[in-house]
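K.L.:
Below is the file work31.cif, with mmCIF, C-alpha atoms and all ligand atoms.
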```
data_run
loop_
_atom_site.label_atom_id
_atom_site.label_comp_id
_atom_site.auth_asym_id
_atom_site.auth_seq_id
_atom_site.Cartn_x
_atom_site.Cartn_y
_atom_site.Cartn_z
CA MET Z 228 11.37 -83.17 24.67
CA SER Z 229 8.71 -84.29 22.22
CA LYS Z 230 5.45 -85.86 23.17
CA SER Z 231 4.43 -89.20 21.81
CA PRO Z 232 1.65 -89.14 19.18
CA SER Z 233 -0.76 -90.83 21.54
CA SER Z 234 -0.26 -88.32 24.38
CA ARG Z 235 -0.61 -85.44 21.92
CA ARG Z 236 -3.77 -87.02 20.55
CA ASP Z 237 -5.06 -87.40 24.11
CA PHE Z 238 -4.22 -83.76 24.79
CA LEU Z 239 -6.09 -82.58 21.68
CA ALA Z 240 -9.10 -84.78 22.46
CA THR Z 241 -9.21 -83.47 26.03
CA SER Z 242 -8.92 -79.87 24.78
CA ALA Z 243 -11.76 -80.39 22.32
CA ARG Z 244 -14.00 -81.89 25.02
CA THR Z 245 -13.20 -79.00 27.37
CA ALA Z 246 -13.90 -76.39 24.69
CA THR Z 247 -17.20 -78.09 23.86
CA ALA Z 248 -18.21 -78.19 27.52
CA VAL Z 249 -17.31 -74.53 28.05
CA GLY Z 250 -19.14 -73.56 24.86
CA LEU Z 251 -22.27 -75.46 25.85
CA ALA Z 252 -22.24 -73.99 29.34
CA GLY Z 253 -21.85 -70.52 27.87
CA SER Z 254 -24.70 -71.01 25.43
CA CYS Z 255 -26.90 -72.36 28.22
CA ALA Z 256 -26.29 -69.24 30.29
CA SER Z 257 -27.27 -67.25 27.22
CA CYS Z 258 -30.47 -69.29 26.87
CA ALA Z 259 -31.45 -68.54 30.44
CA TRP Z 260 -30.71 -64.87 29.97
CA PHE Z 261 -32.64 -64.45 26.74
CA ASN Z 262 -35.62 -66.66 27.53
CA LYS Z 263 -36.98 -64.90 30.57
CA ASN Z 264 -40.76 -64.86 30.68
CA ASP Z 265 -42.65 -61.63 31.17
CA ILE Z 266 -43.02 -60.86 34.86
CA GLN Z 267 -46.43 -59.53 35.96
CA VAL Z 268 -45.66 -59.16 39.67
CA GLU Z 269 -42.44 -58.22 41.44
CA ALA Z 270 -42.26 -58.89 45.18
CA ARG Z 271 -40.10 -56.74 47.41
CA PRO Z 272 -36.72 -58.36 48.25
CA GLU Z 273 -37.70 -58.74 51.93
CA ASP Z 274 -41.10 -60.35 51.29
CA GLN Z 275 -41.56 -63.88 52.68
CA THR Z 276 -45.05 -64.22 51.23
CA LEU Z 277 -46.93 -62.67 48.38
CA THR Z 278 -50.66 -62.00 48.33
CA LEU Z 279 -52.37 -61.74 44.96
CA SER Z 280 -56.01 -60.77 44.52
CA PHE Z 281 -58.32 -62.18 41.90
CA GLU Z 282 -59.49 -58.63 41.27
CA ARG Z 283 -56.04 -57.51 40.13
CA HIS Z 284 -55.07 -60.87 38.60
CA PRO Z 285 -58.23 -62.35 37.09
CA ALA Z 286 -56.14 -64.92 35.15
CA LEU Z 287 -55.80 -66.80 38.44
CA LYS Z 288 -59.49 -67.68 38.28
CA ASP Z 289 -59.34 -68.99 34.71
CA PRO Z 290 -58.55 -72.61 33.90
CA HIS Z 291 -54.93 -72.61 32.63
CA GLY Z 292 -54.52 -68.99 33.77
CA THR Z 293 -51.02 -67.96 34.82
CA VAL Z 294 -49.29 -65.08 36.59
CA ASN Z 295 -45.49 -64.81 36.53
CA VAL Z 296 -43.81 -63.56 39.68
CA GLU Z 297 -40.28 -62.47 40.50
CA ALA Z 298 -39.04 -62.20 44.09
CA ARG Z 299 -35.81 -61.94 46.09
CA ASP Z 300 -34.22 -59.66 43.49
CA GLY Z 301 -34.74 -62.25 40.77
CA ASP Z 302 -33.51 -65.29 42.72
CA VAL Z 303 -37.08 -66.60 42.86
CA ARG Z 304 -39.05 -66.74 39.63
CA LEU Z 305 -42.43 -68.43 39.80
CA VAL Z 306 -45.38 -69.16 37.65
CA ILE Z 307 -48.68 -69.39 39.49
CA LEU Z 308 -51.01 -71.62 37.51
CA ARG Z 309 -54.70 -72.51 37.77
CA ARG Z 310 -54.34 -76.16 36.82
CA PRO Z 311 -56.89 -77.82 34.56
CA ASP Z 312 -58.24 -79.67 37.63
CA GLY Z 313 -58.98 -76.29 39.28
CA GLN Z 314 -56.18 -76.24 41.85
CA LEU Z 315 -53.74 -73.34 42.12
CA VAL Z 316 -50.03 -74.22 42.12
CA ALA Z 317 -46.88 -72.10 42.32
CA LEU Z 318 -43.88 -73.56 40.52
CA SER Z 319 -40.42 -72.31 39.75
CA MET Z 320 -40.20 -71.36 36.09
CA GLU Z 321 -36.53 -72.44 36.03
CA CYS Z 322 -36.05 -75.69 34.14
CA THR Z 323 -34.19 -78.17 36.32
CA HIS Z 324 -31.92 -79.14 33.43
CA TRP Z 325 -29.89 -75.98 32.79
CA GLY Z 326 -32.16 -73.20 34.06
CA CYS Z 327 -34.01 -71.81 31.05
CA ASP Z 328 -37.51 -70.48 31.67
CA VAL Z 329 -40.26 -73.00 31.01
CA ASP Z 330 -43.47 -71.90 29.30
CA TRP Z 331 -46.98 -73.12 30.04
CA ASP Z 332 -48.57 -74.56 26.89
CA LYS Z 333 -52.29 -74.16 27.42
CA ALA Z 334 -53.29 -76.37 24.48
CA LYS Z 335 -51.08 -79.27 25.57
CA ALA Z 336 -51.51 -78.63 29.31
CA HIS Z 337 -47.83 -78.92 30.11
CA PHE Z 338 -44.74 -76.80 30.69
CA GLU Z 339 -42.16 -76.88 27.93
CA CYS Z 340 -38.55 -75.78 28.07
CA PRO Z 341 -37.52 -73.91 24.92
CA CYS Z 342 -33.83 -74.79 25.31
CA HIS Z 343 -33.67 -78.59 25.09
CA GLY Z 344 -37.31 -79.66 25.08
CA SER Z 345 -37.95 -80.95 28.59
CA LEU Z 346 -41.64 -81.29 29.42
CA PHE Z 347 -43.28 -81.00 32.86
CA ASP Z 348 -46.89 -81.65 33.85
CA ALA Z 349 -49.17 -79.16 35.60
CA SER Z 350 -47.73 -80.22 38.96
CA GLY Z 351 -44.14 -79.77 37.80
CA ALA Z 352 -43.34 -83.49 37.41
CA VAL Z 353 -41.02 -84.43 34.54
CA LEU Z 354 -42.85 -85.84 31.53
CA GLU Z 355 -39.82 -85.89 29.25
CA GLY Z 356 -36.10 -85.12 29.72
CA PRO Z 357 -33.33 -84.21 29.55
CA ALA Z 358 -34.44 -82.68 32.87
CA ASP Z 359 -34.69 -85.38 35.53
CA GLU Z 360 -35.95 -83.34 38.50
CA PRO Z 361 -39.41 -81.77 38.92
CA LEU Z 362 -39.94 -78.02 38.92
CA ARG Z 363 -39.58 -76.63 42.45
CA ALA Z 364 -42.95 -76.10 44.12
CA TYR Z 365 -43.88 -73.24 46.45
CA PRO Z 366 -46.77 -73.48 48.93
CA VAL Z 367 -49.83 -71.57 47.79
CA THR Z 368 -53.07 -71.08 49.71
CA GLU Z 369 -56.22 -69.99 47.98
CA THR Z 370 -58.52 -67.58 49.79
CA GLU Z 371 -61.93 -66.19 48.90
CA THR Z 372 -60.36 -63.15 47.26
CA GLY Z 373 -57.07 -64.48 45.91
CA CYS Z 374 -54.06 -66.46 47.02
CA VAL Z 375 -51.03 -66.30 49.28
CA VAL Z 376 -47.74 -67.74 48.04
CA GLN Z 377 -44.84 -68.64 50.34
CA LEU Z 378 -41.60 -67.50 48.70
CA THR Z 379 -39.63 -70.42 50.15
CA PRO Z 380 -39.96 -73.67 48.21
CA THR Z 381 -41.57 -76.78 49.65
CA ALA Z 382 -38.87 -78.99 51.18
S1 LIG S 401 -32.55 -76.07 30.13
FE1 LIG S 401 -32.26 -77.91 29.03
S2 LIG S 401 -34.23 -78.77 28.87
FE2 LIG S 401 -34.50 -76.98 30.00
#
```
Take the structure in this file and express it as structure tokens.
Ligand code: FES
P.N.:
Amino acid sequence: MSKSPSSRRDFLATSARTATAVGLAGSCASCAWFNKNDIQVEARPEDQTLTLSFERHPALKDPHGTVNVEARDGDVRLVILRRPDGQLVALSMECTHWGCDVDWDKAKAHFECPCHGSLFDASGAVLEGPADEPLRAYPVTETETGCVVQLTPTA
């Protein structure tokens, strides 16, 4: 039994779309794998909070200073940032588009995703897509000597 030209054309078009989708998904996974930021602090898998001192992490006192943290065996990857307005924030470094690591651009005062160009402000809000969700935020409390980060995101 032979297929009609239109059904064969449909089949080929569907196959091409599927191959493209699989290829893009594969390359995205590669992006996430190869674009991991340097991690300065690794929490223990069982840690619910993480305490960082200014003495050991002086960047946390500097405007635009950052410290990258990994917790829960790599399931949680955060950047702790001293925002230009002076407030400390802890944000997931995973872009909400396809998961590549975002980088803090000190000169432009925003996070940028190297994979497809999404931009996020210093609070994690989307400035430019394709991402359409903000970076996940984690509660952080500043103390006299440092900060305490909850390793569960804000609801
Ligand atoms: S992974 Fe696509 S913009 Fe970040």
K.L.:
Show me which residues sit within 7 Å of ligand LIG 401 (chain S) when counting all atoms listed in the file, and put them as a list in words.
P.N.:
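Within the 7 Å cut-off, the matching residues are Cys322, Thr323, His324, Trp325, Gly326, Cys327, Cys340, Pro341, Cys342, His343, Gly344, Ser345, Gly356, Pro357 and Ala358 of chain Z.
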K.L.:
Write out as a list of chain:residue names each polymer residue whose atoms come within 12 Å of Asp289 of chain Z, counting all atoms listed in the file; drop sequence neighbours fewer than 5 positions from it.
P.N.:
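Close residues of Asp289 of chain Z: Z:Phe281, Z:His284, Z:Val294, Z:Ile307, Z:Leu308, Z:Arg309, Z:Arg310, Z:Pro311, Z:Asp312, Z:Gly313, Z:Gln314, Z:Leu315, Z:Lys333.
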K.L.:
Those same residues, written as a PDB file, in the frame of the given file with C-alpha atoms?
P.N.:
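Saved as part_27.pdb:
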```pdb
ATOM      1  CA  PHE Z 281     -58.320 -62.180  41.900  1.00  0.00           C
ATOM      2  CA  HIS Z 284     -55.070 -60.870  38.600  1.00  0.00           C
ATOM      3  CA  VAL Z 294     -49.290 -65.080  36.590  1.00  0.00           C
ATOM      4  CA  ILE Z 307     -48.680 -69.390  39.490  1.00  0.00           C
ATOM      5  CA  LEU Z 308     -51.010 -71.620  37.510  1.00  0.00           C
ATOM      6  CA  ARG Z 309     -54.700 -72.510  37.770  1.00  0.00           C
ATOM      7  CA  ARG Z 310     -54.340 -76.160  36.820  1.00  0.00           C
ATOM      8  CA  PRO Z 311     -56.890 -77.820  34.560  1.00  0.00           C
ATOM      9  CA  ASP Z 312     -58.240 -79.670  37.630  1.00  0.00           C
ATOM     10  CA  GLY Z 313     -58.980 -76.290  39.280  1.00  0.00           C
ATOM     11  CA  GLN Z 314     -56.180 -76.240  41.850  1.00  0.00           C
ATOM     12  CA  LEU Z 315     -53.740 -73.340  42.120  1.00  0.00           C
ATOM     13  CA  LYS Z 333     -52.290 -74.160  27.420  1.00  0.00           C
TER      14      LYS Z 333
END
```
K.L.:
Would you list the contacts of Met320 of chain Z as an MDAnalysis selection string, taking every protein, DNA or RNA residue within 9 Å and counting only C-alpha atoms, but skipping same-chain residues closer than 4 positions in sequence?
P.N.:
chainID Z and resid 264 295 303:306 326:330 338 362:363
K.L.:
Restricting it to C-alpha atoms, dump the selection as a PDB file, keeping the file's coordinate frame.
P.N.:
```
ATOM      1  CA  ASN Z 264     -40.760 -64.860  30.680  1.00  0.00           C
ATOM      2  CA  ASN Z 295     -45.490 -64.810  36.530  1.00  0.00           C
ATOM      3  CA  VAL Z 303     -37.080 -66.600  42.860  1.00  0.00           C
ATOM      4  CA  ARG Z 304     -39.050 -66.740  39.630  1.00  0.00           C
ATOM      5  CA  LEU Z 305     -42.430 -68.430  39.800  1.00  0.00           C
ATOM      6  CA  VAL Z 306     -45.380 -69.160  37.650  1.00  0.00           C
ATOM      7  CA  GLY Z 326     -32.160 -73.200  34.060  1.00  0.00           C
ATOM      8  CA  CYS Z 327     -34.010 -71.810  31.050  1.00  0.00           C
ATOM      9  CA  ASP Z 328     -37.510 -70.480  31.670  1.00  0.00           C
ATOM     10  CA  VAL Z 329     -40.260 -73.000  31.010  1.00  0.00           C
ATOM     11  CA  ASP Z 330     -43.470 -71.900  29.300  1.00  0.00           C
ATOM     12  CA  PHE Z 338     -44.740 -76.800  30.690  1.00  0.00           C
ATOM     13  CA  LEU Z 362     -39.940 -78.020  38.920  1.00  0.00           C
ATOM     14  CA  ARG Z 363     -39.580 -76.630  42.450  1.00  0.00           C
TER      15      ARG Z 363
END
```
K.L.:
Need to verify the contact set: Gln377 of chain Z, 10 Å, all atoms listed in the file, exclusion of same-chain residues closer than 2 positions in sequence. Can you return it as a PyMOL selection string?
P.N.:
chain Z and resi 274-278+317+364-368+375+379-381
K.L.:
Quick one, how far is atom CA of Glu360 of chain Z from atom CA of Gly373 of chain Z?
P.N.:
29.3 Å
K.L.:
I'd like to know which of Z:Ser280, Z:Ala298, Z:Ala286, Z:Gln267 is closest to Leu378 of chain Z, using only C-alpha atoms.
P.N.:
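Ranked by minimum distance to Leu378 of chain Z, first place goes to Z:Ala298.
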K.L.:
Considering all atoms listed in the file, can you say which of Z:Pro285, Z:Gly301, Z:Pro272, Z:Gly351 comes closest to Val316 of chain Z?
P.N.:
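Looking only at the distances to Val316 of chain Z, the closest residue turns out to be Z:Gly351.
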K.L.:
State, in Å with one decimal place, the distance from atom CA of His337 of chain Z to atom CA of Ser319 of chain Z.
P.N.:
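Computed distance, atom CA of His337 of chain Z to atom CA of Ser319 of chain Z, equals 13.8 Å.
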K.L.:
Expressed in Å to a single decimal, how great is the separation between atom CA of Phe347 of chain Z and atom CA of Glu321 of chain Z?
P.N.:
11.4 Å
